[in-house]
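File shown: structure-v9.cif (mmCIF, C-alpha atoms).
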data_input
#
loop_
_atom_site.label_atom_id
_atom_site.label_comp_id
_atom_site.auth_asym_id
_atom_site.auth_seq_id
_atom_site.Cartn_x
_atom_site.Cartn_y
_atom_site.Cartn_z
CA MET A 1 35.14 14.41 -87.53
CA LEU A 2 36.31 17.90 -86.62
CA ARG A 3 33.96 18.18 -83.65
CA GLU A 4 35.05 14.72 -82.50
CA GLN A 5 38.68 15.80 -82.71
CA LYS A 6 37.88 18.90 -80.66
CA ALA A 7 36.17 16.75 -78.01
CA LEU A 8 39.25 14.51 -77.92
CA GLY A 9 41.44 17.59 -77.43
CA THR A 10 43.69 16.91 -80.41
CA PRO A 11 45.75 19.84 -81.69
CA ALA A 12 43.99 19.75 -85.08
CA GLY A 13 40.58 19.56 -83.40
CA LEU A 14 41.32 22.53 -81.15
CA ARG A 15 42.62 24.55 -84.11
CA ALA A 16 39.55 23.60 -86.15
CA ALA A 17 37.22 24.70 -83.33
CA GLU A 18 38.62 28.22 -83.57
CA TYR A 19 36.97 28.38 -87.00
CA PHE A 20 33.84 26.23 -86.87
CA GLU A 21 32.65 27.73 -83.60
CA ARG A 22 32.52 31.08 -85.40
CA GLY A 23 30.67 29.54 -88.35
CA LEU A 24 33.69 29.70 -90.64
CA LEU A 25 35.04 26.96 -92.84
CA VAL A 26 38.06 25.26 -91.32
CA PRO A 27 41.24 25.97 -93.34
CA ASP A 28 42.05 23.36 -95.94
CA GLU A 29 45.30 22.19 -94.34
CA ILE A 30 43.58 21.39 -91.02
CA SER A 31 40.61 19.62 -92.65
CA ILE A 32 42.85 17.63 -94.98
CA ASP A 33 45.10 16.56 -92.10
CA VAL A 34 42.14 15.39 -89.98
CA VAL A 35 40.59 13.44 -92.86
CA ARG A 36 43.93 11.87 -93.81
CA GLN A 37 44.43 10.66 -90.22
CA TRP A 38 40.83 9.41 -90.01
CA LEU A 39 41.04 7.48 -93.30
CA ALA A 40 44.21 5.75 -92.09
CA THR A 41 42.27 4.19 -89.21
CA HIS A 42 38.89 3.45 -90.82
CA ASP A 43 38.03 0.82 -93.40
CA ARG A 44 35.45 1.34 -96.13
CA PRO A 45 32.58 1.77 -96.53
CA TRP A 46 32.19 5.21 -94.99
CA ILE A 47 30.25 8.41 -95.55
CA LEU A 48 31.92 11.80 -95.22
CA ASP A 49 29.56 14.68 -94.44
CA GLY A 50 30.88 18.12 -95.31
CA PHE A 51 34.16 17.08 -96.89
CA PRO A 52 35.52 18.15 -99.26
CA ARG A 53 34.45 21.78 -98.98
CA SER A 54 36.92 23.30 -101.43
CA ILE A 55 38.65 22.33 -104.66
CA ARG A 56 41.94 21.99 -102.77
CA GLN A 57 40.28 19.54 -100.37
CA ALA A 58 38.75 17.61 -103.30
CA GLU A 59 42.16 17.31 -104.97
CA ALA A 60 43.77 16.18 -101.71
CA PHE A 61 40.95 13.68 -101.14
CA ASP A 62 41.43 12.20 -104.60
CA SER A 63 45.14 11.86 -103.83
CA MET A 64 44.44 10.17 -100.47
CA LEU A 65 42.11 7.69 -102.13
CA ARG A 66 44.61 7.00 -104.93
CA ASP A 67 47.24 6.27 -102.27
CA GLN A 68 44.83 3.71 -100.78
CA GLY A 69 44.15 2.20 -104.20
CA THR A 70 40.51 3.28 -104.28
CA THR A 71 38.25 6.01 -105.63
CA ILE A 72 35.15 7.87 -104.54
CA ASP A 73 31.94 6.05 -105.43
CA LEU A 74 29.32 8.74 -105.02
CA ALA A 75 28.92 12.42 -104.14
CA ILE A 76 25.57 13.63 -102.85
CA LEU A 77 24.47 17.26 -102.80
CA ILE A 78 21.48 18.06 -100.62
CA GLU A 79 20.38 21.30 -102.22
CA ALA A 80 18.16 23.67 -100.22
CA THR A 81 17.11 27.29 -100.40
CA GLU A 82 18.43 29.79 -97.88
CA PRO A 83 15.04 30.05 -96.10
CA THR A 84 15.02 26.27 -95.63
CA ILE A 85 18.58 26.31 -94.33
CA ARG A 86 17.78 29.17 -91.92
CA ASP A 87 14.77 27.26 -90.60
CA ARG A 88 16.75 24.06 -90.10
CA VAL A 89 19.57 25.86 -88.32
CA ALA A 90 17.11 27.75 -86.10
CA HIS A 91 15.56 24.47 -84.94
CA ARG A 92 18.71 22.31 -84.67
CA LEU A 93 19.54 20.94 -81.23
CA ILE A 94 22.54 18.86 -80.14
CA CYS A 95 22.69 16.50 -77.15
CA SER A 96 25.34 17.57 -74.68
CA SER A 97 26.13 13.92 -73.85
CA CYS A 98 25.55 11.55 -76.79
CA GLY A 99 26.03 14.15 -79.57
CA GLY A 100 22.72 13.30 -81.24
CA VAL A 101 21.26 15.93 -83.57
CA PHE A 102 17.55 16.70 -83.30
CA ARG A 103 15.02 19.18 -84.64
CA ALA A 104 12.77 21.09 -82.27
CA GLY A 105 9.18 20.50 -83.35
CA LEU A 106 10.01 17.23 -85.12
CA HIS A 107 12.11 15.00 -82.89
CA VAL A 108 11.41 16.84 -79.64
CA PRO A 109 8.67 19.34 -78.74
CA ASP A 110 11.02 22.27 -78.06
CA ALA A 111 14.53 23.33 -77.02
CA THR A 112 13.83 22.64 -73.34
CA SER A 113 13.08 18.95 -74.01
CA PRO A 114 15.59 16.30 -72.93
CA CYS A 115 17.47 14.18 -75.44
CA PRO A 116 15.19 11.38 -76.69
CA ARG A 117 18.15 8.96 -76.69
CA CYS A 118 19.82 9.54 -73.33
CA SER A 119 17.69 12.16 -71.49
CA SER A 120 20.57 14.66 -71.25
CA ALA A 121 20.21 18.36 -71.98
CA LEU A 122 19.85 19.56 -75.56
CA THR A 123 21.81 22.65 -76.58
CA ARG A 124 22.43 24.76 -79.66
CA ARG A 125 25.76 24.83 -81.42
CA ALA A 126 27.68 28.04 -80.79
CA ASP A 127 27.64 28.75 -84.54
CA ASP A 128 23.90 28.16 -85.00
CA ASN A 129 22.89 31.79 -85.27
CA LEU A 130 21.94 34.03 -88.18
CA ASP A 131 25.23 35.97 -88.25
CA ALA A 132 27.33 32.81 -88.40
CA LEU A 133 24.96 31.32 -90.97
CA LYS A 134 25.34 34.39 -93.18
CA ASP A 135 29.13 33.93 -93.04
CA ARG A 136 28.86 30.18 -93.70
CA LEU A 137 26.64 30.74 -96.73
CA ALA A 138 29.02 33.36 -98.14
CA GLU A 139 31.93 30.94 -97.76
CA TYR A 140 29.85 28.17 -99.27
CA HIS A 141 29.19 30.21 -102.41
CA THR A 142 32.86 31.10 -102.90
CA LYS A 143 34.66 27.95 -101.73
CA THR A 144 32.26 25.00 -101.72
CA ALA A 145 30.01 25.64 -104.70
CA PRO A 146 32.88 24.94 -107.17
CA VAL A 147 33.18 21.43 -105.68
CA ILE A 148 29.74 20.71 -107.13
CA ASP A 149 31.11 21.12 -110.66
CA TRP A 150 34.21 19.08 -109.66
CA TYR A 151 32.06 16.01 -108.95
CA LYS A 152 29.49 16.75 -111.65
CA SER A 153 32.24 16.72 -114.29
CA ARG A 154 33.24 13.25 -113.06
CA ALA A 155 29.63 11.97 -113.25
CA LEU A 156 29.68 11.28 -109.49
CA LEU A 157 27.26 13.95 -108.28
CA HIS A 158 23.67 13.17 -107.36
CA THR A 159 21.41 15.97 -106.12
CA ILE A 160 18.60 15.65 -103.59
CA ASP A 161 15.97 18.36 -103.12
CA GLY A 162 16.58 19.37 -99.51
CA ASN A 163 13.56 21.67 -99.32
CA ARG A 164 11.21 18.75 -98.72
CA PRO A 165 10.45 17.19 -95.33
CA ILE A 166 13.53 15.73 -93.64
CA GLU A 167 12.10 12.21 -93.83
CA SER A 168 11.77 12.48 -97.64
CA VAL A 169 15.31 13.82 -98.00
CA PHE A 170 16.65 10.98 -95.87
CA ALA A 171 14.68 8.38 -97.86
CA ASP A 172 16.22 9.70 -101.11
CA PHE A 173 19.66 9.60 -99.48
CA LEU A 174 19.17 5.94 -98.51
CA THR A 175 17.91 5.12 -102.02
CA LEU A 176 21.07 6.60 -103.57
CA LEU A 177 23.29 4.67 -101.16
CA ALA A 178 21.45 1.41 -101.81
CA ALA A 179 21.69 1.89 -105.58
CA ASP A 180 25.41 2.64 -105.33
CA LEU A 181 26.03 -0.45 -103.19
CA THR A 182 24.12 -2.77 -105.52
CA PRO A 183 26.54 -4.65 -107.79
CA ALA A 184 26.07 -4.20 -111.51
CA PRO A 185 24.65 -7.26 -113.36
#

Let me see the file written as structure tokens.
Amino acid sequence: MLREQKALGTPAGLRAAEYFERGLLVPDEISIDVVRQWLATHDRPWILDGFPRSIRQAEAFDSMLRDQGTTIDLAILIEATEPTIRDRVAHRLICSSCGGVFRAGLHVPDATSPCPRCSSALTRRADDNLDALKDRLAEYHTKTAPVIDWYKSRALLHTIDGNRPIESVFADFLTLLAADLTPAP
């Protein structure tokens, strides 16, 4: 959402880019504003990746959903060790045209390969480096980790072991979504 808003040149997107391009969490007020605007124009069902990232964002999200007469159905934590995260960041590539996300050595042979979807150039995000990752992980531990308990205390949190192959992680993710979408007998 934030990267899309940056690409569209919106004020919130441009302000957000000042943070995420340095590997920092975007301030709560900017993230909350972007999500509030997005929710106003999108019907359910939807999946939010990376929001909320702080208790303040979680509280604001609950309030937004209440205002829409709905609640959150499911929160998924993909838990991985720092070595796994470093490896995934080091191999992540983004298509400069279609925005697809790929892994060098899995989806494409290497960083010089063209996008498998549209044949455009693949690039690395500006914040995909070890210094930015170190900062992101530090912010995660102080600001985002408490959100885990927020959703756990509401019996909404499901954890997936993110240290396994990406295909296995994705399969578990789909299983959780399918179970959540299946009506109770």

Could you list, with a cut-off of 7 Å and counting only C-alpha atoms, the residues of range 36-138 of chain A near range 20-29 of chain A, each shown with its nearest atom pair and the distance in Å rounded to one decimal, rows sorted by chain and ascending number, as CSV?
residue,atom,partner,partner_atom,distance
A:Arg56,CA,A:Asp28,CA,7.0
A:Gln57,CA,A:Asp28,CA,6.1
A:Ala126,CA,A:Glu21,CA,5.7
A:Asp127,CA,A:Gly23,CA,4.9
A:Ala132,CA,A:Gly23,CA,4.7
A:Leu133,CA,A:Gly23,CA,6.5
A:Asp135,CA,A:Gly23,CA,6.6
A:Arg136,CA,A:Gly23,CA,5.7

Q | Between CA of Cys115 in chain A and CA of Gly13 in chain A - distance in Å to one decimal | A | 25.0 Å

Q: For the structure provided, state which residues fall under the PyMOL selection byres ((chain A and resi 139-149) around 10), and present them as a PyMOL selection string.
A: chain A and resi 23-25+50-59+75-77+133-138+150-159

Q. What's the 12 Å shell around Pro114 in chain A, counting all atoms listed in the file, without same-chain residues fewer than 3 positions away, as a list of chain:residue names?
A. A:Leu93, A:Ile94, A:Cys95, A:Ser96, A:Ser97, A:Cys98, A:Gly100, A:Phe102, A:Ala104, A:His107, A:Val108, A:Pro109, A:Asp110, A:Ala111, A:Arg117, A:Cys118, A:Ser119, A:Ser120, A:Ala121, A:Leu122, A:Thr123

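For the atom pair formed by CA of Asp161 in chain A and CA of Glu79 in chain A, the distance is 5.4 Å, given to one decimal.
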
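For the pair CA of Ser113 in chain A and CA of Pro165 in chain A, the separation is 21.6 Å.
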
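In this comparison, which uses only C-alpha atoms, the residue of A:Asn163, A:Gln68, A:Glu18, A:Arg3 approaching Thr41 in chain A most closely is A:Gln68.
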
Q. Can you tell me, as a PyMOL selection string, which residues sit within 10 Å of (39.5, 11.4, -102.5) in the file's frame, using only C-alpha atoms?
A. chain A and resi 35-36+51-52+57-68+70-73

Q | 12 Å contact set for Ile85 in chain A, all atoms listed in the file, chain neighbours under 3 positions out, as a ChimeraX atom specification | A | /A:78-82,88-92,128-130,133-134,136-137,162-164,166

Q) Skipping near chain neighbours, those fewer than 4 positions away, what residues fall within 7 Å of Ala12 in chain A using only C-alpha atoms, listed as JSON, numbers by chain? A) {"A": [16, 30, 34]}

(Q) From the options A:Glu167, A:Asp172, A:Asp49, A:Asp43, which residue's atoms come nearest to Arg103 in chain A, counting all atoms listed in the file? (A) A:Glu167
